[in-house]
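Shown here: run_10.cif, mmCIF, C-alpha atoms and all ligand atoms.
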data_query
loop_
_atom_site.group_PDB
_atom_site.id
_atom_site.type_symbol
_atom_site.label_atom_id
_atom_site.label_comp_id
_atom_site.auth_asym_id
_atom_site.auth_seq_id
_atom_site.Cartn_x
_atom_site.Cartn_y
_atom_site.Cartn_z
ATOM 1 C CA MET V 1 -11.127 -74.754 -32.300
ATOM 2 C CA SER V 2 -13.220 -74.956 -29.132
ATOM 3 C CA THR V 3 -12.487 -77.452 -26.369
ATOM 4 C CA ARG V 4 -16.010 -78.819 -26.790
ATOM 5 C CA THR V 5 -15.436 -79.648 -30.440
ATOM 6 C CA ASN V 6 -12.111 -81.246 -29.573
ATOM 7 C CA THR V 7 -13.796 -83.530 -27.083
ATOM 8 C CA ILE V 8 -16.488 -84.504 -29.578
ATOM 9 C CA SER V 9 -13.939 -85.307 -32.303
ATOM 10 C CA TRP V 10 -11.951 -87.346 -29.850
ATOM 11 C CA THR V 11 -14.890 -89.548 -28.844
ATOM 12 C CA ARG V 12 -16.385 -90.112 -32.320
ATOM 13 C CA ASN V 13 -14.937 -91.917 -35.245
ATOM 14 C CA ASN V 14 -13.551 -90.150 -38.279
ATOM 15 C CA ILE V 15 -16.660 -90.539 -40.361
ATOM 16 C CA PHE V 16 -18.039 -87.437 -38.630
ATOM 17 C CA SER V 17 -14.953 -85.350 -39.072
ATOM 18 C CA GLU V 18 -16.176 -83.471 -42.148
ATOM 19 C CA LYS V 19 -19.442 -82.467 -40.492
ATOM 20 C CA LEU V 20 -17.691 -81.490 -37.301
ATOM 21 C CA SER V 21 -15.257 -79.366 -39.227
ATOM 22 C CA TYR V 22 -18.193 -77.003 -39.932
ATOM 23 C CA ARG V 23 -18.210 -76.312 -36.212
ATOM 24 C CA ASN V 24 -14.552 -75.459 -36.418
ATOM 25 C CA ASP V 25 -15.485 -72.403 -38.444
ATOM 26 C CA GLN V 26 -14.044 -73.633 -41.692
ATOM 27 C CA VAL V 27 -15.120 -72.152 -44.990
ATOM 28 C CA ARG V 28 -17.060 -74.486 -47.247
ATOM 29 C CA ILE V 29 -18.268 -74.326 -50.836
ATOM 30 C CA CYS V 30 -22.045 -74.374 -51.076
ATOM 31 C CA GLY V 31 -24.208 -76.294 -53.515
ATOM 32 C CA ILE V 32 -27.779 -75.828 -54.659
ATOM 33 C CA GLU V 33 -29.105 -77.598 -51.528
ATOM 34 C CA ASP V 34 -27.737 -74.687 -49.455
ATOM 35 C CA TYR V 35 -29.261 -71.833 -51.425
ATOM 36 C CA LYS V 36 -32.180 -71.065 -49.099
ATOM 37 C CA ALA V 37 -30.028 -70.992 -45.951
ATOM 38 C CA CYS V 38 -27.403 -68.803 -47.618
ATOM 39 C CA ALA V 39 -30.032 -66.387 -48.940
ATOM 40 C CA ARG V 40 -31.556 -66.165 -45.477
ATOM 41 C CA THR V 41 -28.182 -65.190 -43.990
ATOM 42 C CA LEU V 42 -27.692 -62.482 -46.592
ATOM 43 C CA ALA V 43 -31.265 -61.234 -46.182
ATOM 44 C CA GLU V 44 -30.709 -60.830 -42.438
ATOM 45 C CA ALA V 45 -27.296 -59.245 -42.886
ATOM 46 C CA PHE V 46 -28.592 -56.765 -45.484
ATOM 47 C CA TYR V 47 -31.884 -55.919 -43.781
ATOM 48 C CA ASP V 48 -30.601 -52.398 -42.999
ATOM 49 C CA ASP V 49 -28.790 -51.936 -46.280
ATOM 50 C CA ASP V 50 -30.014 -49.155 -48.590
ATOM 51 C CA VAL V 51 -28.436 -50.703 -51.689
ATOM 52 C CA ALA V 52 -30.169 -54.069 -51.159
ATOM 53 C CA PHE V 53 -33.482 -52.201 -50.811
ATOM 54 C CA TYR V 54 -32.816 -49.734 -53.619
ATOM 55 C CA PHE V 55 -35.294 -51.409 -55.988
ATOM 56 C CA LEU V 56 -37.761 -52.499 -53.261
ATOM 57 C CA ASP V 57 -38.066 -49.354 -51.162
ATOM 58 C CA VAL V 58 -39.580 -47.352 -54.019
ATOM 59 C CA PRO V 59 -42.171 -44.554 -54.108
ATOM 60 C CA ASP V 60 -44.729 -46.691 -56.021
ATOM 61 C CA ASN V 61 -44.782 -49.657 -53.601
ATOM 62 C CA GLY V 62 -47.764 -48.379 -51.608
ATOM 63 C CA GLY V 63 -45.663 -47.251 -48.649
ATOM 64 C CA LYS V 64 -44.512 -50.737 -47.624
ATOM 65 C CA THR V 65 -42.223 -51.021 -44.630
ATOM 66 C CA ARG V 66 -39.012 -53.083 -44.651
ATOM 67 C CA GLU V 67 -40.838 -55.706 -42.650
ATOM 68 C CA GLN V 68 -43.499 -55.960 -45.335
ATOM 69 C CA LEU V 69 -40.799 -56.043 -48.008
ATOM 70 C CA TRP V 70 -38.901 -58.867 -46.258
ATOM 71 C CA PRO V 71 -40.405 -61.774 -48.329
ATOM 72 C CA LEU V 72 -39.440 -60.100 -51.589
ATOM 73 C CA HIS V 73 -36.011 -59.103 -50.229
ATOM 74 C CA LEU V 74 -35.432 -62.770 -49.329
ATOM 75 C CA GLU V 75 -36.697 -63.957 -52.717
ATOM 76 C CA VAL V 76 -34.352 -61.583 -54.585
ATOM 77 C CA LEU V 77 -31.429 -62.971 -52.595
ATOM 78 C CA GLU V 78 -32.494 -66.554 -53.328
ATOM 79 C CA TYR V 79 -32.238 -65.836 -57.065
ATOM 80 C CA ILE V 80 -28.889 -64.111 -56.612
ATOM 81 C CA VAL V 81 -27.460 -66.967 -54.511
ATOM 82 C CA CYS V 82 -28.694 -69.521 -57.102
ATOM 83 C CA ALA V 83 -27.024 -67.553 -59.881
ATOM 84 C CA HIS V 84 -23.735 -67.646 -57.988
ATOM 85 C CA ILE V 85 -24.029 -71.364 -57.254
ATOM 86 C CA HIS V 86 -24.468 -71.958 -61.004
ATOM 87 C CA ASN V 87 -21.976 -69.434 -62.385
ATOM 88 C CA GLY V 88 -19.718 -68.477 -59.495
ATOM 89 C CA LEU V 89 -18.600 -69.480 -56.036
ATOM 90 C CA VAL V 90 -20.759 -69.435 -52.909
ATOM 91 C CA LEU V 91 -18.835 -69.819 -49.657
ATOM 92 C CA SER V 92 -20.265 -70.164 -46.211
ATOM 93 C CA ILE V 93 -19.032 -70.547 -42.672
ATOM 94 C CA GLY V 94 -20.647 -71.413 -39.369
ATOM 95 C CA GLU V 95 -22.822 -74.307 -38.336
ATOM 96 C CA ASN V 96 -25.908 -72.807 -39.990
ATOM 97 C CA HIS V 97 -24.215 -70.789 -42.758
ATOM 98 C CA GLU V 98 -24.067 -67.693 -40.517
ATOM 99 C CA GLY V 99 -21.501 -66.117 -42.832
ATOM 100 C CA VAL V 100 -21.890 -66.145 -46.629
ATOM 101 C CA ALA V 101 -19.847 -64.693 -49.492
ATOM 102 C CA LEU V 102 -20.828 -64.663 -53.148
ATOM 103 C CA TRP V 103 -17.836 -64.502 -55.471
ATOM 104 C CA MET V 104 -17.872 -64.244 -59.248
ATOM 105 C CA PRO V 105 -14.676 -65.627 -60.813
ATOM 106 C CA PRO V 106 -12.917 -63.930 -63.747
ATOM 107 C CA GLY V 107 -14.921 -63.839 -66.971
ATOM 108 C CA LYS V 108 -18.207 -64.934 -65.336
ATOM 109 C CA ASN V 109 -21.394 -62.974 -64.571
ATOM 110 C CA MET V 110 -25.026 -63.511 -63.624
ATOM 111 C CA ASP V 111 -26.855 -61.174 -65.977
ATOM 112 C CA ASP V 112 -27.070 -63.366 -69.080
ATOM 113 C CA TRP V 113 -30.551 -64.501 -70.173
ATOM 114 C CA PHE V 114 -29.830 -68.180 -69.547
ATOM 115 C CA THR V 115 -28.998 -67.481 -65.888
ATOM 116 C CA ILE V 116 -31.961 -65.117 -65.489
ATOM 117 C CA PHE V 117 -34.296 -67.912 -66.671
ATOM 118 C CA ARG V 118 -32.553 -70.828 -64.972
ATOM 119 C CA THR V 119 -32.578 -69.223 -61.530
ATOM 120 C CA GLY V 120 -36.139 -67.887 -61.766
ATOM 121 C CA MET V 121 -34.857 -64.312 -61.555
ATOM 122 C CA TRP V 122 -37.184 -63.448 -64.473
ATOM 123 C CA ARG V 123 -40.040 -63.524 -61.928
ATOM 124 C CA LEU V 124 -38.792 -60.199 -60.597
ATOM 125 C CA TRP V 125 -40.154 -58.649 -63.761
ATOM 126 C CA PHE V 126 -43.642 -59.404 -62.400
ATOM 127 C CA LYS V 127 -42.922 -58.819 -58.720
ATOM 128 C CA LEU V 128 -41.141 -55.471 -58.741
ATOM 129 C CA THR V 129 -43.097 -52.255 -59.214
ATOM 130 C CA ALA V 130 -42.553 -50.180 -62.359
ATOM 131 C CA GLU V 131 -39.990 -48.028 -60.533
ATOM 132 C CA GLY V 132 -38.417 -51.137 -58.989
ATOM 133 C CA LYS V 133 -37.964 -52.669 -62.446
ATOM 134 C CA ARG V 134 -36.495 -49.458 -63.808
ATOM 135 C CA ARG V 135 -34.026 -49.329 -60.928
ATOM 136 C CA TYR V 136 -33.045 -53.023 -60.985
ATOM 137 C CA PHE V 137 -32.959 -53.915 -64.678
ATOM 138 C CA GLY V 138 -32.481 -50.433 -66.134
ATOM 139 C CA GLU V 139 -30.031 -48.864 -63.697
ATOM 140 C CA PHE V 140 -28.559 -51.112 -60.994
ATOM 141 C CA MET V 141 -27.334 -54.001 -63.178
ATOM 142 C CA GLU V 142 -26.102 -51.701 -65.947
ATOM 143 C CA VAL V 143 -24.342 -49.137 -63.723
ATOM 144 C CA LEU V 144 -22.565 -51.802 -61.662
ATOM 145 C CA HIS V 145 -21.406 -53.648 -64.767
ATOM 146 C CA GLN V 146 -20.122 -50.503 -66.499
ATOM 147 C CA THR V 147 -18.415 -49.154 -63.350
ATOM 148 C CA LYS V 148 -16.496 -52.402 -62.944
ATOM 149 C CA VAL V 149 -15.355 -52.392 -66.563
ATOM 150 C CA ASN V 150 -14.265 -48.744 -66.309
ATOM 151 C CA ALA V 151 -12.421 -49.228 -63.014
ATOM 152 C CA LEU V 152 -10.542 -52.393 -63.941
ATOM 153 C CA LYS V 153 -10.033 -51.667 -67.651
ATOM 154 C CA GLU V 154 -8.002 -54.433 -69.301
ATOM 155 C CA GLN V 155 -7.777 -56.224 -65.919
ATOM 156 C CA ASP V 156 -11.572 -56.719 -65.818
ATOM 157 C CA GLU V 157 -11.499 -60.174 -67.399
ATOM 158 C CA LYS V 158 -8.918 -61.335 -64.824
ATOM 159 C CA ALA V 159 -10.692 -60.036 -61.726
ATOM 160 C CA TRP V 160 -12.486 -61.872 -58.931
ATOM 161 C CA TYR V 161 -15.649 -60.016 -57.912
ATOM 162 C CA LEU V 162 -16.884 -60.110 -54.303
ATOM 163 C CA VAL V 163 -20.556 -59.463 -55.020
ATOM 164 C CA TYR V 164 -22.044 -59.992 -51.548
ATOM 165 C CA ILE V 165 -20.650 -60.785 -48.112
ATOM 166 C CA GLY V 166 -22.805 -60.935 -45.019
ATOM 167 C CA VAL V 167 -22.744 -62.337 -41.517
ATOM 168 C CA THR V 168 -25.863 -62.632 -39.342
ATOM 169 C CA PRO V 169 -25.827 -60.075 -36.503
ATOM 170 C CA ASN V 170 -25.410 -62.756 -33.804
ATOM 171 C CA ALA V 171 -22.272 -64.196 -35.463
ATOM 172 C CA ARG V 172 -20.334 -60.989 -36.164
ATOM 173 C CA GLY V 173 -16.871 -60.299 -34.806
ATOM 174 C CA ARG V 174 -15.756 -63.944 -34.973
ATOM 175 C CA GLY V 175 -13.530 -63.466 -38.011
ATOM 176 C CA TYR V 176 -16.022 -65.022 -40.471
ATOM 177 C CA ALA V 177 -15.794 -62.211 -43.023
ATOM 178 C CA ARG V 178 -11.993 -62.363 -43.005
ATOM 179 C CA LYS V 179 -12.061 -66.116 -43.619
ATOM 180 C CA LEU V 180 -14.590 -65.797 -46.453
ATOM 181 C CA VAL V 181 -12.454 -63.168 -48.160
ATOM 182 C CA GLU V 182 -9.101 -64.816 -47.549
ATOM 183 C CA HIS V 183 -10.347 -68.160 -48.837
ATOM 184 C CA VAL V 184 -10.218 -66.587 -52.296
ATOM 185 C CA THR V 185 -7.497 -63.949 -51.914
ATOM 186 C CA ASN V 186 -4.956 -66.409 -50.466
ATOM 187 C CA LYS V 187 -5.551 -68.806 -53.352
ATOM 188 C CA VAL V 188 -5.412 -66.041 -55.944
ATOM 189 C CA ASP V 189 -2.148 -64.670 -54.471
ATOM 190 C CA ALA V 190 -0.583 -68.125 -54.337
ATOM 191 C CA GLU V 191 -1.476 -68.671 -57.999
ATOM 192 C CA GLY V 192 0.389 -65.561 -59.154
ATOM 193 C CA GLY V 193 -2.009 -62.741 -58.326
ATOM 194 C CA ALA V 194 -5.187 -61.250 -59.819
ATOM 195 C CA PRO V 195 -7.255 -58.182 -58.963
ATOM 196 C CA CYS V 196 -10.266 -58.515 -56.655
ATOM 197 C CA TYR V 197 -13.122 -56.051 -56.896
ATOM 198 C CA LEU V 198 -16.128 -54.999 -54.793
ATOM 199 C CA GLU V 199 -18.636 -52.230 -54.211
ATOM 200 C CA SER V 200 -18.971 -51.373 -50.534
ATOM 201 C CA SER V 201 -22.583 -50.476 -49.806
ATOM 202 C CA HIS V 202 -21.770 -48.733 -46.546
ATOM 203 C CA ILE V 203 -18.960 -46.351 -45.636
ATOM 204 C CA ARG V 204 -18.488 -48.186 -42.308
ATOM 205 C CA ASN V 205 -17.143 -51.248 -44.162
ATOM 206 C CA VAL V 206 -14.369 -49.448 -46.042
ATOM 207 C CA PRO V 207 -11.801 -49.789 -43.194
ATOM 208 C CA MET V 208 -12.584 -53.509 -42.939
ATOM 209 C CA TYR V 209 -11.917 -54.072 -46.631
ATOM 210 C CA GLN V 210 -8.712 -52.029 -46.337
ATOM 211 C CA ARG V 211 -7.539 -54.556 -43.743
ATOM 212 C CA PHE V 212 -8.029 -57.246 -46.387
ATOM 213 C CA GLY V 213 -5.816 -55.371 -48.893
ATOM 214 C CA PHE V 214 -8.521 -53.494 -50.842
ATOM 215 C CA ILE V 215 -7.858 -49.892 -51.848
ATOM 216 C CA LYS V 216 -10.575 -47.305 -52.322
ATOM 217 C CA HIS V 217 -10.810 -46.517 -56.019
ATOM 218 C CA SER V 218 -13.810 -44.208 -56.422
ATOM 219 C CA ARG V 219 -17.359 -43.498 -55.328
ATOM 220 C CA ILE V 220 -20.546 -43.795 -57.379
ATOM 221 C CA GLU V 221 -24.151 -42.933 -56.590
ATOM 222 C CA LEU V 222 -27.305 -44.798 -57.516
ATOM 223 C CA GLY V 223 -30.478 -42.771 -57.951
ATOM 224 C CA ALA V 224 -28.924 -39.331 -58.267
ATOM 225 C CA ASP V 225 -32.341 -38.192 -59.597
ATOM 226 C CA THR V 226 -34.444 -39.779 -56.825
ATOM 227 C CA GLY V 227 -33.762 -37.220 -54.122
ATOM 228 C CA LYS V 228 -32.321 -40.033 -51.950
ATOM 229 C CA PRO V 229 -29.101 -41.110 -53.666
ATOM 230 C CA VAL V 230 -27.330 -44.243 -52.466
ATOM 231 C CA PRO V 231 -23.514 -44.101 -52.470
ATOM 232 C CA LEU V 232 -21.238 -47.060 -53.209
ATOM 233 C CA ASP V 233 -17.487 -47.137 -52.662
ATOM 234 C CA ILE V 234 -15.619 -48.976 -55.385
ATOM 235 C CA MET V 235 -12.656 -50.900 -54.005
ATOM 236 C CA ILE V 236 -9.958 -52.931 -55.697
ATOM 237 C CA ARG V 237 -7.472 -55.316 -54.203
ATOM 238 C CA PRO V 238 -4.546 -55.138 -56.612
ATOM 239 C CA PRO V 239 -2.789 -58.311 -57.727
ATOM 240 C CA MET V 240 -0.373 -59.479 -55.039
ATOM 241 C CA THR V 241 2.329 -62.046 -55.388
ATOM 242 C CA TYR V 242 4.436 -63.888 -52.883
ATOM 243 C CA THR V 243 8.105 -63.064 -52.570
ATOM 244 C CA LYS V 244 10.694 -64.515 -50.201
ATOM 245 C CA THR V 245 9.963 -61.674 -47.775
ATOM 246 C CA GLY V 246 6.142 -61.798 -47.927
ATOM 247 C CA ARG V 247 3.375 -60.425 -50.145
ATOM 248 C CA ARG V 248 3.999 -57.636 -52.621
ATOM 249 C CA MET V 249 1.739 -55.634 -54.935
ATOM 250 C CA SER V 250 2.482 -56.236 -58.623
ATOM 251 C CA THR V 251 3.167 -53.460 -61.160
ATOM 252 C CA ALA V 252 -0.364 -53.835 -62.551
ATOM 253 C CA GLY V 253 -1.621 -53.338 -58.994
ATOM 254 C CA ARG V 254 0.060 -49.971 -58.629
ATOM 255 C CA LYS V 255 -1.776 -48.731 -61.729
ATOM 256 C CA LEU V 256 -5.163 -50.033 -60.487
ATOM 257 C CA GLY V 257 -4.747 -48.603 -57.012
ATOM 258 C CA SER V 258 -3.897 -45.124 -58.232
ATOM 259 C CA ALA V 259 -7.000 -44.407 -60.315
HETATM 260 C C1 LIG V 301 -19.331 -56.396 -42.595
HETATM 261 C C2 LIG V 301 -19.480 -57.804 -42.048
HETATM 262 C C3 LIG V 301 -19.592 -58.779 -43.219
HETATM 263 C C4 LIG V 301 -18.267 -58.154 -41.164
HETATM 264 O O1 LIG V 301 -18.395 -59.489 -40.762
HETATM 265 P P1 LIG V 301 -17.612 -60.082 -39.478
HETATM 266 O O2 LIG V 301 -17.612 -61.553 -39.601
HETATM 267 O O3 LIG V 301 -18.206 -59.500 -38.250
HETATM 268 O O4 LIG V 301 -16.141 -59.503 -39.701
HETATM 269 P P2 LIG V 301 -14.798 -60.140 -39.081
HETATM 270 O O5 LIG V 301 -15.088 -60.591 -37.680
HETATM 271 O O6 LIG V 301 -14.248 -61.149 -40.014
HETATM 272 O O7 LIG V 301 -13.855 -58.900 -39.058
HETATM 273 C C5 LIG V 301 -12.967 -58.690 -40.125
HETATM 274 C C6 LIG V 301 -11.989 -57.593 -39.811
HETATM 275 O O8 LIG V 301 -12.585 -56.326 -40.045
HETATM 276 C C7 LIG V 301 -12.593 -55.588 -38.853
HETATM 277 N N1 LIG V 301 -13.893 -54.938 -38.882
HETATM 278 C C8 LIG V 301 -15.104 -55.514 -38.854
HETATM 279 N N2 LIG V 301 -16.052 -54.584 -38.982
HETATM 280 C C9 LIG V 301 -15.388 -53.400 -39.090
HETATM 281 C C10 LIG V 301 -15.773 -52.075 -39.246
HETATM 282 N N3 LIG V 301 -17.069 -51.741 -39.340
HETATM 283 N N4 LIG V 301 -14.837 -51.114 -39.341
HETATM 284 C C11 LIG V 301 -13.520 -51.430 -39.253
HETATM 285 N N5 LIG V 301 -13.067 -52.679 -39.116
HETATM 286 C C12 LIG V 301 -14.008 -53.640 -39.034
HETATM 287 C C13 LIG V 301 -12.418 -56.556 -37.720
HETATM 288 O O9 LIG V 301 -11.808 -55.960 -36.609
HETATM 289 C C14 LIG V 301 -11.520 -57.570 -38.368
HETATM 290 O O10 LIG V 301 -10.186 -57.123 -38.416
HETATM 291 P P3 LIG V 301 -8.976 -58.136 -38.098
HETATM 292 O O11 LIG V 301 -9.310 -59.443 -38.789
HETATM 293 O O12 LIG V 301 -7.787 -57.475 -38.705
HETATM 294 O O13 LIG V 301 -8.958 -58.245 -36.625
HETATM 295 C C15 LIG V 301 -20.768 -57.903 -41.155
HETATM 296 O O14 LIG V 301 -20.689 -56.903 -40.179
HETATM 297 C C16 LIG V 301 -22.064 -57.751 -41.938
HETATM 298 O O15 LIG V 301 -22.609 -58.730 -42.444
HETATM 299 N N6 LIG V 301 -22.587 -56.500 -42.045
HETATM 300 C C17 LIG V 301 -23.853 -56.251 -42.729
HETATM 301 C C18 LIG V 301 -23.795 -56.533 -44.211
HETATM 302 C C19 LIG V 301 -22.696 -55.728 -44.862
HETATM 303 O O16 LIG V 301 -22.555 -54.529 -44.619
HETATM 304 N N7 LIG V 301 -21.934 -56.408 -45.723
HETATM 305 C C20 LIG V 301 -20.883 -55.802 -46.497
HETATM 306 C C21 LIG V 301 -21.480 -55.037 -47.622
HETATM 307 S S1 LIG V 301 -20.310 -53.971 -48.396
#

Now that the file is in, can you turn its structure into structure tokens?
Ligand SMILES: CC(C)(COP(=O)(O)OP(=O)(O)OC[C@H]1O[C@@H](n2cnc3c(N)ncnc32)[C@H](O)[C@@H]1OP(=O)(O)O)[C@@H](O)C(=O)NCCC(=O)NCCS
Amino acid sequence: MSTRTNTISWTRNNIFSEKLSYRNDQVRICGIEDYKACARTLAEAFYDDDVAFYFLDVPDNGGKTREQLWPLHLEVLEYIVCAHIHNGLVLSIGENHEGVALWMPPGKNMDDWFTIFRTGMWRLWFKLTAEGKRRYFGEFMEVLHQTKVNALKEQDEKAWYLVYIGVTPNARGRGYARKLVEHVTNKVDAEGGAPCYLESSHIRNVPMYQRFGFIKHSRIELGADTGKPVPLDIMIRPPMTYTKTGRRMSTAGRKLGSA
């Protein structure tokens, strides 16, 4: 907590305390009114990400640059954030939602028809190029779904899925990502433990996820036939439970971690 925030809280009455707590870098649960700001954060964070652009940066898009693709990149993320507000959990941190995490709780997903229509995601059918559609609807969604089922096996229905996490470049290194992850993992551990799952879209993030208790499970590639394959590292945080001496991986966790 900064000294400045302390002073402000001291001089104002408690009615402002909830708003001020945003300044204190606390994680909050976002509602539909936050979807544009959260999507903007993710769009900025994933501007250099090859997985986020896998279905936009395609050979039949007329040679568009990332800058030209920005509006569509942002729009895709708006649909995805909306889907998580409706079906999952959207967390943010920072005064202007500078850090955002999209979590899907056990047994939930965003690829059912109702969600595709409710969020407006169906519009992508008309906005993506033919190759973009093939990659998004025909490959991306299907491969990610099947990989998760195969990796987690019977634990799939119990797993929390960290679908996206991003922090705007100017707010990195403040511990936002850790707080957005631990908001869920601490709760899950305290409630008896459940696996958490993610696909890391860049090798540089693997050590960070390892610090949060995730273990590298396997690697997959999107677009093996495109000449520019995009790798994804599959990581699982095995169920952990509290003991008198601290946190401990459960028996189910040992099996998941050793795939
Ligand atoms: C990855 C990202 C979310 C990290 O956000 P952040 O708020 O800067 O991360 P934090 O400050 O919470 O750091 C978390 C921990 O990971 C460590 N860390 C951060 N980046 C790291 C890296 N590239 N390699 C190793 N460790 C790293 C930090 O030292 C910190 O460790 P500690 O808590 O034990 O001290 C952010 O850099 C980002 O948005 N990147 C672009 C989008 C992206 O790649 N998202 C993830 C997709 S898989």

Give me the result of the PyMOL selection byres (((chain V and resi 235) around 12) and not hetatm) on this file, residue by residue, as JSON, numbers by chain. {"V": [147, 148, 151, 152, 161, 162, 163, 195, 196, 197, 198, 199, 200, 201, 202, 203, 205, 206, 207, 208, 209, 210, 212, 213, 214, 215, 216, 217, 218, 219, 220, 232, 233, 234, 236, 237, 238, 256, 257, 258, 259]}

Taking every listed atom of ligand LIG 301 (chain V) and adding 4 Å to each side, what centre and edge lengths in Å (one decimal) does the axis-aligned box have, as AutoDock Vina command-line options?
--center_x -15.8 --center_y -56.3 --center_z -42.5 --size_x 24.1 --size_y 18.4 --size_z 19.8

Once the PyMOL selection byres (((not hetatm)) within 6 of (chain V and resi 301)) has been evaluated on this model, what residues remain selected, and can you format them as a list of chain:residue names?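 Applying the expression gives V:Ala45, V:Phe46, V:Ile165, V:Gly166, V:Val167, V:Thr168, V:Arg172, V:Gly173, V:Arg174, V:Gly175, V:Tyr176, V:Ala177, V:Arg178, V:Ser200, V:Ser201, V:His202, V:Arg204, V:Asn205, V:Pro207, V:Met208, V:Arg211.
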
For atom CA of Gln68 of chain V and atom CA of Phe126 of chain V, the interatomic separation in Å (one decimal): 17.4 Å

Which of these residues is nearest to Thr243 of chain V, using all atoms listed in the file: V:Gln26, V:Gly193, V:Gly223, V:Asp156? V:Gly193

For the atom pair atom CA of Val90 of chain V and atom CA of Asn150 of chain V, what is the interatomic distance in Å to one decimal place?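 Between atom CA of Val90 of chain V and atom CA of Asn150 of chain V the gap is 25.5 Å.
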
Which of these residues is nearest to Leu222 of chain V, using all atoms listed in the file: V:Met141, V:Cys38, V:Val184, V:Val76? V:Met141

Who sits within 9 Å of Gly31 of chain V, only C-alpha atoms, same chain under 4 positions skipped, as a PyMOL selection string: chain V and resi 35+82+85-86+90

Shortest interatomic distance to Gly192 of chain V - which of V:Lys158, V:Met110, V:Ala171, V:Arg123, counting all atoms listed in the file: V:Lys158

Just checking: using only C-alpha atoms, which residue out of V:Asp60, V:Asp189, V:Glu142, V:Glu98 ends up closest to Asn170 of chain V?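 The shortest atom-to-atom distance to Asn170 of chain V comes from V:Glu98.
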
Step by step, work through what the PyMOL selection byres (((chain V and resi 118) around 12) and not hetatm) selects in the shown file, and finish by giving those residues as a list in words. Tyr79, Ile80, Cys82, Ala83, His84, Ile85, His86, Asn87, Met110, Asp111, Asp112, Trp113, Phe114, Thr115, Ile116, Phe117, Thr119, Gly120, Met121, Trp122 and Arg123 of chain V

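Nearest residue to Gly94 of chain V among V:Val188, V:Val81, V:Leu56, V:Leu180 is V:Leu180, counting all atoms listed in the file.
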
Atomic distance atom CA of Met240 of chain V - atom CA of Ala159 of chain V, expressed in Å with one decimal: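 Atom CA of Met240 of chain V sits 12.3 Å away from atom CA of Ala159 of chain V.
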
I'd like the contact shell of Trp70 of chain V - 12 Å cut-off, all atoms listed in the file, skipping same-chain residues fewer than 6 positions apart - returned as a PDB file with C-alpha atoms, in the frame of the given file.
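Final file, result.pdb:
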ATOM      1  CA  ALA V  39     -30.032 -66.387 -48.940  1.00  0.00           C
ATOM      2  CA  ARG V  40     -31.556 -66.165 -45.477  1.00  0.00           C
ATOM      3  CA  LEU V  42     -27.692 -62.482 -46.592  1.00  0.00           C
ATOM      4  CA  ALA V  43     -31.265 -61.234 -46.182  1.00  0.00           C
ATOM      5  CA  GLU V  44     -30.709 -60.830 -42.438  1.00  0.00           C
ATOM      6  CA  PHE V  46     -28.592 -56.765 -45.484  1.00  0.00           C
ATOM      7  CA  TYR V  47     -31.884 -55.919 -43.781  1.00  0.00           C
ATOM      8  CA  ASP V  48     -30.601 -52.398 -42.999  1.00  0.00           C
ATOM      9  CA  ALA V  52     -30.169 -54.069 -51.159  1.00  0.00           C
ATOM     10  CA  PHE V  53     -33.482 -52.201 -50.811  1.00  0.00           C
ATOM     11  CA  LEU V  56     -37.761 -52.499 -53.261  1.00  0.00           C
ATOM     12  CA  ASP V  57     -38.066 -49.354 -51.162  1.00  0.00           C
ATOM     13  CA  LYS V  64     -44.512 -50.737 -47.624  1.00  0.00           C
ATOM     14  CA  VAL V  76     -34.352 -61.583 -54.585  1.00  0.00           C
ATOM     15  CA  LEU V  77     -31.429 -62.971 -52.595  1.00  0.00           C
TER      16      LEU V  77
END

Among listed residues V:Val27, V:Glu139, V:Lys187, V:Gly107, nearest Glu154 of chain V (using only C-alpha atoms):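 Using only C-alpha atoms, Glu154 of chain V sits closest to V:Gly107.
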